[in-house]
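Novice: My file is coords-v5.pdb. It has PDB, C-alpha atoms:
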MODEL        1
ATOM      1  CA  MET G   1      31.693  -3.685   8.964
ATOM      2  CA  GLY G   2      32.563  -7.233  10.111
ATOM      3  CA  LEU G   3      34.998  -9.467   8.304
ATOM      4  CA  ASN G   4      32.184 -11.721   7.065
ATOM      5  CA  ASN G   5      30.357  -8.785   5.479
ATOM      6  CA  ILE G   6      33.562  -7.530   3.877
ATOM      7  CA  GLY G   7      34.097 -10.991   2.463
ATOM      8  CA  LYS G   8      30.618 -11.023   0.944
ATOM      9  CA  LEU G   9      31.349  -7.829  -0.950
ATOM     10  CA  PHE G  10      34.177  -9.537  -2.776
ATOM     11  CA  MET G  11      32.565 -12.917  -3.413
ATOM     12  CA  PRO G  12      33.359 -13.908  -7.028
ATOM     13  CA  LYS G  13      29.785 -15.126  -7.514
ATOM     14  CA  ASN G  14      27.521 -12.398  -6.176
ATOM     15  CA  LYS G  15      24.241 -14.241  -5.729
ATOM     16  CA  VAL G  16      22.070 -11.125  -5.792
ATOM     17  CA  PHE G  17      22.259 -10.990  -9.588
ATOM     18  CA  TYR G  18      21.163 -14.618  -9.967
ATOM     19  CA  GLU G  19      18.240 -14.032  -7.618
ATOM     20  CA  LEU G  20      17.136 -10.919  -9.477
ATOM     21  CA  PHE G  21      17.453 -12.510 -12.921
ATOM     22  CA  GLU G  22      15.543 -15.591 -11.782
ATOM     23  CA  ASP G  23      12.826 -13.378 -10.305
ATOM     24  CA  VAL G  24      12.477 -11.472 -13.582
ATOM     25  CA  ALA G  25      12.503 -14.644 -15.716
ATOM     26  CA  GLU G  26       9.847 -16.260 -13.520
ATOM     27  CA  ARG G  27       7.637 -13.206 -13.885
ATOM     28  CA  VAL G  28       8.151 -13.019 -17.648
ATOM     29  CA  HIS G  29       6.980 -16.620 -17.893
ATOM     30  CA  GLU G  30       3.992 -15.813 -15.693
ATOM     31  CA  MET G  31       3.173 -12.919 -18.026
ATOM     32  CA  GLY G  32       3.285 -15.382 -20.922
ATOM     33  CA  LEU G  33       0.798 -17.600 -19.099
ATOM     34  CA  LYS G  34      -1.490 -14.649 -18.428
ATOM     35  CA  LEU G  35      -1.284 -13.513 -22.061
ATOM     36  CA  LYS G  36      -2.394 -16.947 -23.238
ATOM     37  CA  GLU G  37      -5.233 -16.860 -20.714
ATOM     38  CA  PHE G  38      -6.083 -13.336 -21.923
ATOM     39  CA  VAL G  39      -6.391 -14.267 -25.615
ATOM     40  CA  ASN G  40      -8.472 -17.348 -24.784
ATOM     41  CA  GLU G  41     -10.913 -15.383 -22.614
ATOM     42  CA  SER G  42     -14.154 -14.462 -24.408
ATOM     43  CA  ASP G  43     -15.478 -12.143 -21.675
ATOM     44  CA  ALA G  44     -14.247  -8.562 -22.164
ATOM     45  CA  ASP G  45     -14.469  -7.690 -18.451
ATOM     46  CA  LYS G  46     -12.381 -10.715 -17.493
ATOM     47  CA  ARG G  47      -9.856  -9.795 -20.193
ATOM     48  CA  SER G  48      -9.638  -6.318 -18.688
ATOM     49  CA  ASN G  49      -8.850  -7.849 -15.298
ATOM     50  CA  LEU G  50      -6.163 -10.071 -16.836
ATOM     51  CA  LEU G  51      -4.677  -7.029 -18.573
ATOM     52  CA  SER G  52      -4.394  -5.297 -15.185
ATOM     53  CA  GLN G  53      -2.566  -8.322 -13.807
ATOM     54  CA  ILE G  54      -0.160  -8.323 -16.754
ATOM     55  CA  GLU G  55       0.431  -4.593 -16.284
ATOM     56  CA  ASP G  56       1.189  -5.086 -12.572
ATOM     57  CA  MET G  57       3.747  -7.771 -13.404
ATOM     58  CA  GLU G  58       5.335  -5.555 -16.035
ATOM     59  CA  HIS G  59       5.732  -2.760 -13.473
ATOM     60  CA  LYS G  60       7.274  -5.192 -10.977
ATOM     61  CA  ASN G  61       9.738  -6.289 -13.634
ATOM     62  CA  ASP G  62      10.642  -2.662 -14.289
ATOM     63  CA  ASP G  63      11.472  -2.351 -10.588
ATOM     64  CA  SER G  64      13.559  -5.533 -10.648
ATOM     65  CA  THR G  65      15.415  -4.378 -13.758
ATOM     66  CA  HIS G  66      16.170  -1.059 -12.080
ATOM     67  CA  GLN G  67      17.455  -2.972  -9.054
ATOM     68  CA  ILE G  68      19.773  -5.006 -11.296
ATOM     69  CA  PHE G  69      21.242  -1.797 -12.695
ATOM     70  CA  THR G  70      21.573  -0.386  -9.170
ATOM     71  CA  GLU G  71      23.421  -3.512  -8.022
ATOM     72  CA  LEU G  72      25.628  -3.264 -11.084
ATOM     73  CA  GLY G  73      26.776   0.169  -9.970
ATOM     74  CA  ARG G  74      27.135  -0.920  -6.352
ATOM     75  CA  ASN G  75      29.065  -4.185  -6.754
ATOM     76  CA  PHE G  76      32.719  -4.283  -7.729
ATOM     77  CA  ILE G  77      32.640  -8.040  -8.339
ATOM     78  CA  THR G  78      29.950  -9.479 -10.639
ATOM     79  CA  PRO G  79      29.259 -13.120 -11.628
ATOM     80  CA  PHE G  80      29.874 -12.346 -15.307
ATOM     81  CA  ASP G  81      30.714  -9.349 -17.499
ATOM     82  CA  ARG G  82      28.971  -6.147 -16.513
ATOM     83  CA  GLU G  83      28.085  -5.616 -20.163
ATOM     84  CA  ASP G  84      26.376  -9.035 -20.329
ATOM     85  CA  ILE G  85      24.443  -8.305 -17.133
ATOM     86  CA  HIS G  86      23.211  -5.075 -18.671
ATOM     87  CA  TYR G  87      22.299  -6.768 -21.969
ATOM     88  CA  LEU G  88      20.458  -9.641 -20.282
ATOM     89  CA  ALA G  89      18.507  -7.340 -17.954
ATOM     90  CA  SER G  90      17.471  -5.180 -20.916
ATOM     91  CA  ALA G  91      16.529  -8.202 -23.045
ATOM     92  CA  LEU G  92      14.324  -9.710 -20.325
ATOM     93  CA  ASP G  93      12.708  -6.322 -19.727
ATOM     94  CA  ASP G  94      11.971  -6.054 -23.454
ATOM     95  CA  ILE G  95      10.149  -9.412 -23.436
ATOM     96  CA  ALA G  96       7.946  -8.199 -20.586
ATOM     97  CA  ASP G  97       7.307  -4.888 -22.354
ATOM     98  CA  TYR G  98       6.143  -6.577 -25.567
ATOM     99  CA  ILE G  99       3.966  -9.124 -23.780
ATOM    100  CA  PHE G 100       2.209  -6.240 -22.047
ATOM    101  CA  ALA G 101       2.037  -4.270 -25.310
ATOM    102  CA  SER G 102       0.396  -7.255 -27.042
ATOM    103  CA  ALA G 103      -2.396  -7.503 -24.477
ATOM    104  CA  LYS G 104      -2.768  -3.728 -24.332
ATOM    105  CA  LYS G 105      -3.213  -3.381 -28.102
ATOM    106  CA  ILE G 106      -5.776  -6.187 -28.254
ATOM    107  CA  ASN G 107      -7.720  -4.456 -25.491
ATOM    108  CA  PHE G 108      -7.293  -0.931 -26.901
ATOM    109  CA  TYR G 109      -8.389  -1.894 -30.436
ATOM    110  CA  LYS G 110     -11.262  -4.025 -29.071
ATOM    111  CA  VAL G 111     -10.193  -6.876 -31.327
ATOM    112  CA  ASN G 112     -11.664 -10.320 -30.739
ATOM    113  CA  PRO G 113      -8.554 -12.334 -29.784
ATOM    114  CA  ASN G 114     -10.193 -15.572 -31.000
ATOM    115  CA  ASP G 115      -8.053 -15.338 -34.117
ATOM    116  CA  SER G 116      -5.726 -18.099 -35.319
ATOM    117  CA  GLY G 117      -2.719 -15.792 -35.694
ATOM    118  CA  ILE G 118      -3.138 -14.217 -32.246
ATOM    119  CA  LEU G 119      -3.718 -17.603 -30.586
ATOM    120  CA  LYS G 120      -0.683 -19.224 -32.246
ATOM    121  CA  LEU G 121       1.624 -16.298 -31.486
ATOM    122  CA  SER G 122       0.499 -16.212 -27.843
ATOM    123  CA  GLU G 123       1.406 -19.906 -27.545
ATOM    124  CA  MET G 124       4.844 -19.236 -29.030
ATOM    125  CA  ILE G 125       5.439 -16.323 -26.670
ATOM    126  CA  LEU G 126       4.551 -18.626 -23.783
ATOM    127  CA  GLN G 127       6.879 -21.364 -25.040
ATOM    128  CA  GLY G 128       9.706 -18.864 -25.546
ATOM    129  CA  SER G 129       9.278 -17.393 -22.064
ATOM    130  CA  LEU G 130       9.371 -20.907 -20.538
ATOM    131  CA  GLU G 131      12.642 -21.795 -22.291
ATOM    132  CA  ILE G 132      14.174 -18.459 -21.264
ATOM    133  CA  LYS G 133      13.185 -19.160 -17.658
ATOM    134  CA  LYS G 134      14.888 -22.568 -17.821
ATOM    135  CA  SER G 135      18.113 -21.133 -19.233
ATOM    136  CA  VAL G 136      18.223 -18.219 -16.761
ATOM    137  CA  HIS G 137      17.892 -20.640 -13.841
ATOM    138  CA  GLY G 138      20.817 -22.583 -15.283
ATOM    139  CA  LEU G 139      23.146 -19.582 -15.048
ATOM    140  CA  ARG G 140      23.556 -19.924 -11.284
ATOM    141  CA  ASP G 141      25.853 -22.955 -11.421
ATOM    142  CA  MET G 142      26.112 -23.842 -15.155
ATOM    143  CA  LYS G 143      25.875 -27.543 -14.275
ATOM    144  CA  ASN G 144      23.137 -28.387 -16.782
ATOM    145  CA  LEU G 145      24.681 -27.014 -19.947
ATOM    146  CA  ARG G 146      22.882 -29.522 -22.184
ATOM    147  CA  GLU G 147      19.485 -28.455 -20.833
ATOM    148  CA  MET G 148      20.418 -24.795 -21.151
ATOM    149  CA  THR G 149      21.628 -25.251 -24.713
ATOM    150  CA  GLU G 150      18.509 -27.215 -25.672
ATOM    151  CA  ALA G 151      16.344 -24.430 -24.238
ATOM    152  CA  LEU G 152      18.221 -21.809 -26.256
ATOM    153  CA  VAL G 153      17.918 -23.850 -29.459
ATOM    154  CA  LYS G 154      14.164 -24.127 -28.841
ATOM    155  CA  VAL G 155      13.912 -20.344 -28.451
ATOM    156  CA  ASN G 156      15.577 -19.851 -31.843
ATOM    157  CA  SER G 157      13.235 -22.421 -33.411
ATOM    158  CA  ILE G 158      10.189 -20.747 -31.837
ATOM    159  CA  GLU G 159      11.253 -17.380 -33.250
ATOM    160  CA  ASN G 160      11.559 -18.872 -36.753
ATOM    161  CA  GLN G 161       8.120 -20.456 -36.429
ATOM    162  CA  ALA G 162       6.686 -17.137 -35.234
ATOM    163  CA  ASP G 163       8.038 -15.463 -38.382
ATOM    164  CA  ASP G 164       6.162 -18.029 -40.481
ATOM    165  CA  VAL G 165       2.962 -17.604 -38.451
ATOM    166  CA  PHE G 166       3.222 -13.831 -38.845
ATOM    167  CA  ASP G 167       3.630 -14.092 -42.637
ATOM    168  CA  MET G 168       0.743 -16.573 -42.998
ATOM    169  CA  SER G 169      -1.491 -14.505 -40.709
ATOM    170  CA  ILE G 170      -0.865 -11.365 -42.745
ATOM    171  CA  GLU G 171      -1.603 -13.260 -45.966
ATOM    172  CA  MET G 172      -4.878 -14.613 -44.549
ATOM    173  CA  LEU G 173      -5.771 -11.183 -43.212
ATOM    174  CA  PHE G 174      -5.487  -9.522 -46.619
ATOM    175  CA  ASN G 175      -7.313 -12.369 -48.327
ATOM    176  CA  GLN G 176     -10.219 -12.695 -45.897
ATOM    177  CA  GLU G 177     -10.734  -9.335 -44.149
ATOM    178  CA  ASN G 178     -12.643  -6.645 -46.036
ATOM    179  CA  ASP G 179     -12.682  -4.063 -43.241
ATOM    180  CA  PHE G 180      -9.546  -1.965 -43.753
ATOM    181  CA  LYS G 181      -9.578  -0.802 -40.118
ATOM    182  CA  GLU G 182      -9.529  -4.415 -38.914
ATOM    183  CA  VAL G 183      -6.603  -5.133 -41.223
ATOM    184  CA  ILE G 184      -4.600  -2.277 -39.697
ATOM    185  CA  LYS G 185      -5.481  -3.297 -36.125
ATOM    186  CA  LYS G 186      -4.692  -6.977 -36.499
ATOM    187  CA  ARG G 187      -1.527  -6.379 -38.479
ATOM    188  CA  GLU G 188      -0.194  -4.185 -35.676
ATOM    189  CA  ILE G 189      -1.119  -6.785 -33.042
ATOM    190  CA  TYR G 190       0.582  -9.581 -35.011
ATOM    191  CA  GLN G 191       3.655  -7.412 -35.361
ATOM    192  CA  VAL G 192       3.957  -6.649 -31.643
ATOM    193  CA  MET G 193       3.450 -10.299 -30.727
ATOM    194  CA  GLU G 194       6.063 -11.435 -33.239
ATOM    195  CA  ILE G 195       8.522  -8.896 -31.798
ATOM    196  CA  ALA G 196       7.984 -10.478 -28.373
ATOM    197  CA  THR G 197       9.392 -13.731 -29.789
ATOM    198  CA  ASP G 198      12.291 -11.744 -31.288
ATOM    199  CA  LYS G 199      13.037 -10.400 -27.814
ATOM    200  CA  CYS G 200      13.088 -13.955 -26.439
ATOM    201  CA  GLU G 201      15.699 -14.767 -29.081
ATOM    202  CA  ASP G 202      17.709 -11.669 -28.103
ATOM    203  CA  ALA G 203      17.770 -12.871 -24.484
ATOM    204  CA  ALA G 204      18.760 -16.362 -25.649
ATOM    205  CA  ASN G 205      21.677 -14.904 -27.615
ATOM    206  CA  VAL G 206      22.955 -13.059 -24.524
ATOM    207  CA  ILE G 207      22.713 -16.222 -22.421
ATOM    208  CA  GLU G 208      24.539 -18.190 -25.120
ATOM    209  CA  SER G 209      27.324 -15.595 -25.075
ATOM    210  CA  ILE G 210      27.610 -15.930 -21.284
ATOM    211  CA  ILE G 211      27.787 -19.730 -21.549
ATOM    212  CA  ILE G 212      30.560 -19.531 -24.132
ATOM    213  CA  LYS G 213      32.597 -17.199 -21.933
ATOM    214  CA  TYR G 214      32.125 -18.851 -18.556
ATOM    215  CA  ALA G 215      31.051 -22.494 -18.890
TER     216      ALA G 215
ENDMDL
END
Show me, as structure tokens, the structure contained in the file I just sent.

Specialist:
Amino acid sequence: MGLNNIGKLFMPKNKVFYELFEDVAERVHEMGLKLKEFVNESDADKRSNLLSQIEDMEHKNDDSTHQIFTELGRNFITPFDREDIHYLASALDDIADYIFASAKKINFYKVNPNDSGILKLSEMILQGSLEIKKSVHGLRDMKNLREMTEALVKVNSIENQADDVFDMSIEMLFNQENDFKEVIKKREIYQVMEIATDKCEDAANVIESIIIKYA
């Protein structure tokens, strides 16, 4: 191995982690965009196609997450704590999992997604994924701490709003829906979508911890 390659192994800022995290965050945001498109699509066949696209992205993110863990075992020097790398990779993977689960449940239960609760929660998932993408991109050099912090604050606000939307949607569901099966289906969909916003907040908390330690 040449001296240059040896040097790269011991670089204090191993760029491979930044590249992988940015790749995952970009895809999570793209999944958020596709989910919003999915819930606004009235044609069932087109929704099925969008679900396949979301599933493909979720599988790609699984591969990227696995690669992050592989690099974690391979690299002696990491850009920040190994524990934080593990937590952030898991948190981003969880967001992707719950975005996919949201679309999958809507499709599986054959629920019409033209529902105020589903539409509002999909918008909040999209907003949360966008702010997470911004903050992940900021990790590479930590030069835009104000923008990163603002993004993280927005994620926390979005999660609080999603809690309120969930509660109001459940209240409306019990007041207006007489079909008990529909109540069960929609309640489960609301719950999964709300958890997706929780997972955005979890990722934001990990990023905030990294900023506090290294900025």

Novice: Is it possible to get the axis-aligned box enclosing segment 40-47 of chain G (all listed atoms, 8 Å extra per side) as JSON, with centre and edge lengths in Å rounded to one decimal?

Specialist:
{"center_x": -12.0, "center_y": -12.5, "center_z": -21.1, "size_x": 23.0, "size_y": 25.7, "size_z": 23.3}

Novice: Pull out every residue that the PyMOL selection byres ((chain G and resi 205) around 10) matches in the shown coordinates and put them as an MDAnalysis selection string.

Specialist: chainID G and resid 87:88 91 152:153 155:156 199:204 206:211

Novice: How would you write, as a VMD selection string, the residues chosen by the PyMOL selection byres ((chain G and resi 97) around 12) on this structure?

Specialist: chain G and resid 27 to 28 31 to 32 54 to 62 65 90 to 96 98 to 104 192 to 193 195 to 197 199 to 200

Novice: So which one's closest to Lys134 of chain G, G:Ala25, G:Leu50, G:Ala44, G:Ile85? Using only C-alpha atoms, please.

Specialist: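 When distances to Lys134 of chain G are compared using only C-alpha atoms, the smallest one comes from G:Ala25.
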
Novice: What is the distance, in Å and to one decimal place, between atom CA of Ile68 of chain G and atom CA of Tyr214 of chain G?

Specialist: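 Taking atom CA of Ile68 of chain G as the start and atom CA of Tyr214 of chain G as the end point, the length is 19.9 Å.
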
Novice: Taking all atoms listed in the file into account, name the residue in G:Gln127, G:Asn144, G:Thr149, G:Asn175 that is nearest to Ala162 of chain G.

Specialist: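 Answer, going by the shortest atom-to-atom distance: G:Gln127.
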
Novice: Could you tell me how far atom CA of Lys133 of chain G lies from atom CA of Lys34 of chain G, in Å and to one decimal?

Specialist: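 So the answer is 15.4 Å.
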
Novice: In Å, with one decimal, what is the gap from atom CA of Phe80 of chain G to atom CA of Ile158 of chain G?

Specialist: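 Spanning atom CA of Phe80 of chain G to atom CA of Ile158 of chain G is a straight-line distance of 27.0 Å.
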
Novice: Using all atoms listed in the file, can you tell me which of G:Ile189, G:Val16, G:Leu126, G:Met148 comes closest to Leu72 of chain G?

Specialist: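 Looking only at the distances to Leu72 of chain G, the closest residue turns out to be G:Val16.
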
Novice: I need the residue nearest Pro79 of chain G from this list: G:Asp23, G:Lys154, G:Lys36, G:Asp141. Use all atoms listed in the file for the distance.

Specialist: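 Smallest distance to Pro79 of chain G is found for G:Asp141.
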
Novice: Run the PyMOL selection byres ((chain G and resi 116) around 12) against the file shown and list the residues it catches, as a list in words.

Specialist: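 Applying the expression gives Val39, Asn40, Asn112, Pro113, Asn114, Asp115, Gly117, Ile118, Leu119, Lys120, Leu121, Ser122, Glu123, Val165, Phe166, Met168, Ser169, Ile170, Met172, Leu173, Lys186 and Tyr190 of chain G.
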
Novice: With all atoms listed in the file as the atoms that count, which of G:Leu33, G:Ile212, G:Ile125, G:Val183 lies nearest to Met142 of chain G?

Specialist: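 Of the candidates, the smallest distance to Met142 of chain G is held by G:Ile212.
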
Novice: Which of these residues is nearest to Val111 of chain G, using all atoms listed in the file: G:Glu131, G:Glu171, G:Glu182, G:Glu177?

Specialist: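 For Val111 of chain G, the nearest of the given residues is G:Glu182.
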